file target.pdb (PDB, C-alpha atoms)
ATOM      1  CA  MET I  16      75.572 146.920  74.625
ATOM      2  CA  LEU I  17      74.290 149.071  77.486
ATOM      3  CA  MET I  18      71.156 150.870  76.394
ATOM      4  CA  ARG I  19      70.870 154.488  77.570
ATOM      5  CA  LEU I  20      67.295 155.762  77.516
ATOM      6  CA  ASP I  21      65.646 159.082  78.286
ATOM      7  CA  ALA I  22      62.384 159.471  80.227
ATOM      8  CA  ASN I  23      60.420 158.754  77.033
ATOM      9  CA  GLY I  24      62.232 155.478  76.397
ATOM     10  CA  ASN I  25      64.314 156.848  73.524
ATOM     11  CA  GLU I  26      68.084 156.602  73.007
ATOM     12  CA  ILE I  27      69.841 159.624  74.516
ATOM     13  CA  ALA I  28      71.899 162.004  72.373
ATOM     14  CA  ALA I  29      75.167 160.499  73.640
ATOM     15  CA  GLY I  30      73.987 157.131  72.317
ATOM     16  CA  HIS I  31      74.069 153.646  73.772
ATOM     17  CA  LEU I  32      77.293 152.391  75.331
ATOM     18  CA  ALA I  33      79.280 149.435  74.023
ATOM     19  CA  LEU I  34      80.234 147.095  76.852
ATOM     20  CA  ARG I  35      83.929 147.402  75.959
ATOM     21  CA  ASP I  36      83.683 151.177  76.513
ATOM     22  CA  ALA I  37      82.030 150.806  79.917
ATOM     23  CA  PHE I  38      84.887 149.037  81.711
ATOM     24  CA  PHE I  39      86.750 151.250  84.220
ATOM     25  CA  THR I  40      85.208 154.454  82.822
ATOM     26  CA  PRO I  41      83.130 156.001  85.637
ATOM     27  CA  GLU I  42      82.971 159.282  83.750
ATOM     28  CA  THR I  43      80.411 157.698  81.417
ATOM     29  CA  VAL I  44      77.832 157.795  84.213
ATOM     30  CA  LEU I  45      79.125 160.641  86.392
ATOM     31  CA  THR I  46      78.997 163.519  83.904
ATOM     32  CA  ASP I  47      75.874 165.183  82.556
ATOM     33  CA  ALA I  48      77.452 165.339  79.089
ATOM     34  CA  ASN I  49      77.214 161.550  78.961
ATOM     35  CA  GLY I  50      73.705 161.482  80.387
ATOM     36  CA  GLY I  51      74.562 160.475  83.942
ATOM     37  CA  ILE I  52      73.401 157.284  85.622
ATOM     38  CA  ASP I  53      69.643 157.628  85.002
ATOM     39  CA  PRO I  54      69.716 156.643  81.291
ATOM     40  CA  VAL I  55      71.844 153.588  82.105
ATOM     41  CA  LEU I  56      69.418 152.432  84.800
ATOM     42  CA  ARG I  57      66.438 152.921  82.471
ATOM     43  CA  GLY I  58      68.248 150.832  79.888
ATOM     44  CA  LEU I  59      69.116 148.075  82.346
ATOM     45  CA  VAL I  60      65.504 147.635  83.476
ATOM     46  CA  SER I  61      64.396 147.523  79.827
ATOM     47  CA  GLN I  62      66.850 144.922  78.500
ATOM     48  CA  LEU I  63      66.455 141.174  78.618
ATOM     49  CA  GLY I  64      69.327 139.497  80.413
ATOM     50  CA  GLN I  65      71.222 136.723  78.669
ATOM     51  CA  GLU I  66      71.291 133.201  80.031
ATOM     52  CA  VAL I  67      74.012 132.256  82.505
ATOM     53  CA  ASP I  68      76.165 129.866  80.490
ATOM     54  CA  PRO I  69      79.836 129.097  79.749
ATOM     55  CA  PHE I  70      79.948 131.437  76.745
ATOM     56  CA  LEU I  71      81.435 134.946  76.940
ATOM     57  CA  VAL I  72      80.841 137.886  74.626
ATOM     58  CA  ASP I  73      83.887 139.178  72.781
ATOM     59  CA  ASP I  74      84.002 142.416  74.811
ATOM     60  CA  VAL I  75      84.626 140.395  77.978
ATOM     61  CA  ARG I  76      86.836 137.741  76.447
ATOM     62  CA  ASN I  77      89.182 139.914  74.397
ATOM     63  CA  LEU I  78      88.642 143.580  75.274
ATOM     64  CA  LEU I  79      88.317 143.617  79.053
ATOM     65  CA  PHE I  80      91.306 145.896  79.630
ATOM     66  CA  GLY I  81      91.422 147.696  76.303
ATOM     67  CA  PRO I  82      92.561 146.790  72.772
ATOM     68  CA  MET I  83      95.186 144.361  74.097
ATOM     69  CA  GLY I  84      92.815 142.856  76.613
ATOM     70  CA  PHE I  85      92.743 139.611  78.545
ATOM     71  CA  ASP I  86      90.479 136.594  78.310
ATOM     72  CA  LEU I  87      88.337 136.777  81.462
ATOM     73  CA  ALA I  88      87.439 133.088  81.238
ATOM     74  CA  ALA I  89      91.111 132.094  81.224
ATOM     75  CA  LEU I  90      91.822 134.541  84.053
ATOM     76  CA  ASN I  91      89.019 133.142  86.193
ATOM     77  CA  MET I  92      90.213 129.573  85.780
ATOM     78  CA  GLN I  93      93.799 130.572  86.570
ATOM     79  CA  ARG I  94      92.624 132.477  89.654
ATOM     80  CA  GLY I  95      90.929 129.322  90.881
ATOM     81  CA  ARG I  96      94.141 127.360  90.470
ATOM     82  CA  ASP I  97      96.220 130.091  92.141
ATOM     83  CA  HIS I  98      93.893 130.044  95.154
ATOM     84  CA  GLY I  99      93.928 126.274  95.413
ATOM     85  CA  LEU I 100      90.248 125.756  94.672
ATOM     86  CA  PRO I 101      89.221 122.143  94.132
ATOM     87  CA  SER I 102      88.267 120.960  90.681
ATOM     88  CA  TYR I 103      84.661 120.865  89.494
ATOM     89  CA  VAL I 104      84.253 117.174  90.350
ATOM     90  CA  GLU I 105      86.005 117.538  93.714
ATOM     91  CA  MET I 106      83.710 120.420  94.664
ATOM     92  CA  ARG I 107      80.664 118.366  93.753
ATOM     93  CA  ASP I 108      81.998 115.672  96.078
ATOM     94  CA  VAL I 109      82.294 118.266  98.863
ATOM     95  CA  MET I 110      78.824 119.734  98.360
ATOM     96  CA  PHE I 111      76.858 116.567  97.627
ATOM     97  CA  GLY I 112      79.012 113.712  98.928
ATOM     98  CA  ASN I 113      76.882 113.197 102.043
ATOM     99  CA  GLN I 114      73.655 112.841 100.061
ATOM    100  CA  MET I 115      72.179 109.369  99.807
ATOM    101  CA  GLY I 116      72.780 107.825  96.404
ATOM    102  CA  TYR I 117      75.430 110.327  95.341
ATOM    103  CA  THR I 118      78.238 108.971  93.189
ATOM    104  CA  THR I 119      81.287 110.882  92.032
ATOM    105  CA  PHE I 120      82.209 111.475  88.385
ATOM    106  CA  ASN I 121      84.977 109.242  87.076
ATOM    107  CA  ASP I 122      84.107 109.108  83.389
ATOM    108  CA  TRP I 123      82.948 111.586  80.772
ATOM    109  CA  SER I 124      79.707 109.648  80.407
ATOM    110  CA  ASP I 125      78.866 110.614  83.995
ATOM    111  CA  LEU I 126      78.206 114.148  82.730
ATOM    112  CA  ASP I 127      75.310 112.991  80.542
ATOM    113  CA  GLY I 128      72.190 114.831  81.639
ATOM    114  CA  ILE I 129      74.270 117.295  83.664
ATOM    115  CA  MET I 130      75.651 119.178  80.658
ATOM    116  CA  ALA I 131      74.751 119.434  76.986
ATOM    117  CA  ASP I 132      76.475 116.929  74.702
ATOM    118  CA  ALA I 133      78.240 119.678  72.736
ATOM    119  CA  ILE I 134      79.699 121.135  75.933
ATOM    120  CA  ILE I 135      80.861 117.712  77.126
ATOM    121  CA  ASP I 136      82.604 117.184  73.778
ATOM    122  CA  ALA I 137      84.284 120.596  74.024
ATOM    123  CA  LEU I 138      85.510 119.940  77.566
ATOM    124  CA  GLN I 139      86.768 116.496  76.595
ATOM    125  CA  SER I 140      88.820 118.068  73.807
ATOM    126  CA  VAL I 141      90.832 120.211  76.254
ATOM    127  CA  TYR I 142      90.886 118.178  79.493
ATOM    128  CA  ASP I 143      92.594 114.791  79.737
ATOM    129  CA  ASP I 144      90.316 113.603  82.531
ATOM    130  CA  VAL I 145      86.822 114.544  83.690
ATOM    131  CA  ARG I 146      88.232 115.142  87.169
ATOM    132  CA  ASP I 147      90.529 117.874  85.789
ATOM    133  CA  ILE I 148      87.692 120.246  84.821
ATOM    134  CA  ASP I 149      88.131 123.643  86.474
ATOM    135  CA  LEU I 150      85.465 124.602  88.983
ATOM    136  CA  TRP I 151      84.463 127.849  87.286
ATOM    137  CA  ILE I 152      83.826 126.462  83.814
ATOM    138  CA  GLY I 153      82.308 123.222  85.095
ATOM    139  CA  GLY I 154      79.815 125.048  87.283
ATOM    140  CA  LEU I 155      78.757 127.345  84.452
ATOM    141  CA  ALA I 156      78.398 124.422  82.046
ATOM    142  CA  GLU I 157      75.774 122.605  84.116
ATOM    143  CA  ALA I 158      72.156 122.625  82.994
ATOM    144  CA  HIS I 159      70.104 124.995  85.136
ATOM    145  CA  VAL I 160      68.044 123.644  88.001
ATOM    146  CA  ASN I 161      64.293 123.839  87.492
ATOM    147  CA  GLY I 162      63.228 127.475  87.761
ATOM    148  CA  GLY I 163      66.771 128.671  88.473
ATOM    149  CA  MET I 164      69.498 130.633  86.725
ATOM    150  CA  LEU I 165      72.351 128.331  87.758
ATOM    151  CA  GLY I 166      73.186 124.662  87.703
ATOM    152  CA  GLU I 167      73.087 122.302  90.674
ATOM    153  CA  LEU I 168      76.597 122.990  91.961
ATOM    154  CA  PHE I 169      76.645 126.782  91.703
ATOM    155  CA  SER I 170      73.121 126.960  93.161
ATOM    156  CA  ALA I 171      74.371 125.022  96.186
ATOM    157  CA  ILE I 172      77.516 127.165  96.539
ATOM    158  CA  VAL I 173      75.657 130.479  96.265
ATOM    159  CA  GLY I 174      72.944 129.286  98.654
ATOM    160  CA  ASP I 175      75.539 128.154 101.185
ATOM    161  CA  GLN I 176      77.426 131.448 100.966
ATOM    162  CA  PHE I 177      74.340 133.601 101.481
ATOM    163  CA  SER I 178      73.227 131.434 104.402
ATOM    164  CA  ARG I 179      76.625 131.948 106.028
ATOM    165  CA  LEU I 180      76.500 135.705 105.416
ATOM    166  CA  ARG I 181      73.076 135.895 107.057
ATOM    167  CA  ASP I 182      73.740 133.546 109.965
ATOM    168  CA  GLY I 183      77.125 135.083 110.743
ATOM    169  CA  ASP I 184      75.834 138.666 110.816
ATOM    170  CA  ARG I 185      74.693 139.623 114.321
ATOM    171  CA  PHE I 186      73.259 142.829 112.862
ATOM    172  CA  TRP I 187      71.043 140.959 110.383
ATOM    173  CA  TYR I 188      67.774 142.875 110.268
ATOM    174  CA  GLN I 189      65.651 139.876 111.314
ATOM    175  CA  ASN I 190      67.503 139.424 114.609
ATOM    176  CA  GLY I 191      64.965 141.425 116.618
ATOM    177  CA  MET I 192      66.561 144.874 116.542
ATOM    178  CA  PHE I 193      63.743 146.574 114.608
ATOM    179  CA  GLU I 194      60.194 147.317 115.692
ATOM    180  CA  THR I 195      57.294 145.998 113.629
ATOM    181  CA  GLU I 196      56.822 149.272 111.746
ATOM    182  CA  TRP I 197      60.433 149.304 110.580
ATOM    183  CA  MET I 198      60.348 145.620 109.684
ATOM    184  CA  GLU I 199      57.331 146.223 107.468
ATOM    185  CA  PHE I 200      59.128 149.138 105.808
ATOM    186  CA  ILE I 201      62.306 147.131 105.188
ATOM    187  CA  GLU I 202      60.543 144.041 103.878
ATOM    188  CA  GLY I 203      58.232 146.161 101.743
ATOM    189  CA  SER I 204      61.105 147.958 100.031
ATOM    190  CA  THR I 205      61.852 147.167  96.390
ATOM    191  CA  LEU I 206      64.857 147.872  94.215
ATOM    192  CA  SER I 207      62.671 150.001  91.961
ATOM    193  CA  ALA I 208      61.685 152.198  94.933
ATOM    194  CA  ILE I 209      65.320 152.513  96.023
ATOM    195  CA  ILE I 210      66.347 153.575  92.501
ATOM    196  CA  MET I 211      63.613 156.207  92.314
ATOM    197  CA  ARG I 212      64.460 157.573  95.767
ATOM    198  CA  ASN I 213      68.085 158.103  94.770
ATOM    199  CA  THR I 214      67.867 159.240  91.133
ATOM    200  CA  GLY I 215      65.810 161.539  88.971
ATOM    201  CA  ILE I 216      63.795 158.604  87.609
ATOM    202  CA  THR I 217      60.096 158.993  88.423
ATOM    203  CA  GLY I 218      58.578 155.774  87.087
ATOM    204  CA  LEU I 219      59.682 152.133  86.977
ATOM    205  CA  GLN I 220      57.992 148.760  86.899
ATOM    206  CA  ALA I 221      57.388 147.292  90.366
ATOM    207  CA  ASN I 222      59.909 144.490  89.819
ATOM    208  CA  VAL I 223      62.933 145.732  87.893
ATOM    209  CA  PHE I 224      64.144 142.161  87.372
ATOM    210  CA  PHE I 225      61.293 141.693  84.891
ATOM    211  CA  VAL I 226      61.165 143.548  81.598
ATOM    212  CA  PRO I 227      58.002 145.564  80.861
ATOM    213  CA  GLU I 228      56.067 145.317  77.641
ATOM    214  CA  PRO I 229      56.914 148.098  75.150
ATOM    215  CA  GLY I 230      55.435 151.441  76.186
ATOM    216  CA  VAL I 231      54.806 150.621  79.840
ATOM    217  CA  LEU I 232      57.870 152.521  81.096
ATOM    218  CA  LEU I 233      56.731 155.616  79.208
ATOM    219  CA  LEU I 234      53.315 155.440  80.877
ATOM    220  CA  LEU I 235      54.983 155.051  84.258
ATOM    221  CA  SER I 236      57.291 158.009  83.639
ATOM    222  CA  ILE I 237      54.377 160.358  82.933
ATOM    223  CA  GLY I 238      52.545 159.418  86.077
ATOM    224  CA  ILE I 239      50.333 156.416  85.299
ATOM    225  CA  ALA I 240      52.270 154.496  87.929
ATOM    226  CA  GLY I 241      49.439 152.318  89.173
ATOM    227  CA  MET I 242      49.005 150.618  85.824
ATOM    228  CA  GLY I 243      52.307 148.804  85.623
ATOM    229  CA  MET I 244      52.545 148.210  89.359
ATOM    230  CA  ARG I 245      49.357 146.147  89.502
ATOM    231  CA  ARG I 246      49.172 144.394  86.154
ATOM    232  CA  LYS I 247      51.598 141.534  86.618
ATOM    233  CA  SER I 248      50.639 140.213  83.179
ATOM    234  CA  SER I 249      52.446 143.227  81.710
ATOM    235  CA  TRP I 250      55.858 141.815  82.589
ATOM    236  CA  ARG I 251      58.027 139.348  80.735
ATOM    237  CA  CYS I 252      60.692 137.381  82.568
ATOM    238  CA  ALA I 253      64.195 138.717  81.909
ATOM    239  CA  GLY I 254      65.725 135.255  81.637
TER     240      GLY I 254
END
call {"tool": "encode", "arguments": {"input": "target.pdb", "output": "structure tokens"}}
result
Amino acid sequence: MLMRLDANGNEIAAGHLALRDAFFTPETVLTDANGGIDPVLRGLVSQLGQEVDPFLVDDVRNLLFGPMGFDLAALNMQRGRDHGLPSYVEMRDVMFGNQMGYTTFNDWSDLDGIMADAIIDALQSVYDDVRDIDLWIGGLAEAHVNGGMLGELFSAIVGDQFSRLRDGDRFWYQNGMFETEWMEFIEGSTLSAIIMRNTGITGLQANVFFVPEPGVLLLLSIGIAGMGMRRKSSWRCAG
């Protein structure tokens, strides 16, 4: 469910939006009759995010493309096979094989401590061999690294990809093309400030990746902006 909130933190007249009704329907945020984009953004910064895990809500698994939808999990695994991606275990070998003490997975018991027992049992019921596990589902099934949102393998893959994007971009902003004043402006920018500069929203918490305590967004919207921006204890982690 995508919450759609007005400036007072209340549900708009058009109501909240079921996830299944949000796919491929830009008119839901482009027309004033549906409230536009502002109510959606207010809702997004007010909702707790779900954990990253191998479980999909029904709207994504069965209703992605309408009443006769597709299973996105099955599609993602098939896409990996079509593109020739290595299996979960093979990718772990690629990412961690040069680390001292690393050993590959050859038996289901090797997953102990990496995944929950119930998930290991479920995977074992559909895969003949631990080395057959698809990369996408195996990466999602890993226990999260300490303080992170992803498991060990996906954390390494995402970190490697972003490092390559930065290092391969000769226009990366830290490559000496900006004067100090502009660097301070860029590095001082926040997503909440960008949202407010480009929408009709006038008040947001300083860090939109953290959910405010009830009532704080209302205070921000009526001009008591300094309160929420400074009191870090007012935020709850959205994980």
call {"tool": "atom_distance", "arguments": {"input": "target.pdb", "atom1": "CA of Ile210 (chain I)", "atom2": "CA of Ala33 (chain I)"}}
result
22.9 Å
call {"tool": "atom_distance", "arguments": {"input": "target.pdb", "atom1": "CA of Trp123 (chain I)", "atom2": "CA of His159 (chain I)"}}
result
19.1 Å
call {"tool": "resolve_selection", "arguments": {"input": "target.pdb", "expression": "the PyMOL selection byres ((chain I and resi 16) around 8)", "output": "JSON, numbers by chain"}}
result
{"I": [17, 18, 31, 32, 33, 34]}
call {"tool": "atom_distance", "arguments": {"input": "target.pdb", "atom1": "CA of Asp132 (chain I)", "atom2": "CA of Asp175 (chain I)"}}
result
28.8 Å
call {"tool": "resolve_selection", "arguments": {"input": "target.pdb", "expression": "the PyMOL selection byres ((chain I and resi 208) around 12)", "output": "list in words"}}
result
Phe200, Ile201, Gly203, Ser204, Thr205, Leu206, Ser207, Ile209, Ile210, Met211, Arg212, Asn213, Thr214, Gly215, Ile216, Thr217, Gly218, Leu219, Gln220, Ala221, Asn222, Val223, Ala240 and Met244 of chain I
call {"tool": "closest_residue", "arguments": {"input": "target.pdb", "among": "I:Tyr142, I:Phe85, I:Ile172, I:Asp68", "to": "Ala158 (chain I)", "atoms": "only C-alpha atoms"}}
result
I:Asp68
call {"tool": "residues_around", "arguments": {"input": "target.pdb", "residues": "Asn49 (chain I)", "least_positions_apart": "5", "cutoff": "9 Å", "atoms": "all atoms listed in the file", "output": "list in words"}}
result
Ile27, Ala28, Ala29, Gly30, Glu42, Thr43 and Val44 of chain I
call {"tool": "closest_residue", "arguments": {"input": "target.pdb", "among": "I:Phe169, I:Phe186, I:Phe193, I:Phe39", "to": "Trp151 (chain I)", "atoms": "only C-alpha atoms"}}
result
I:Phe169
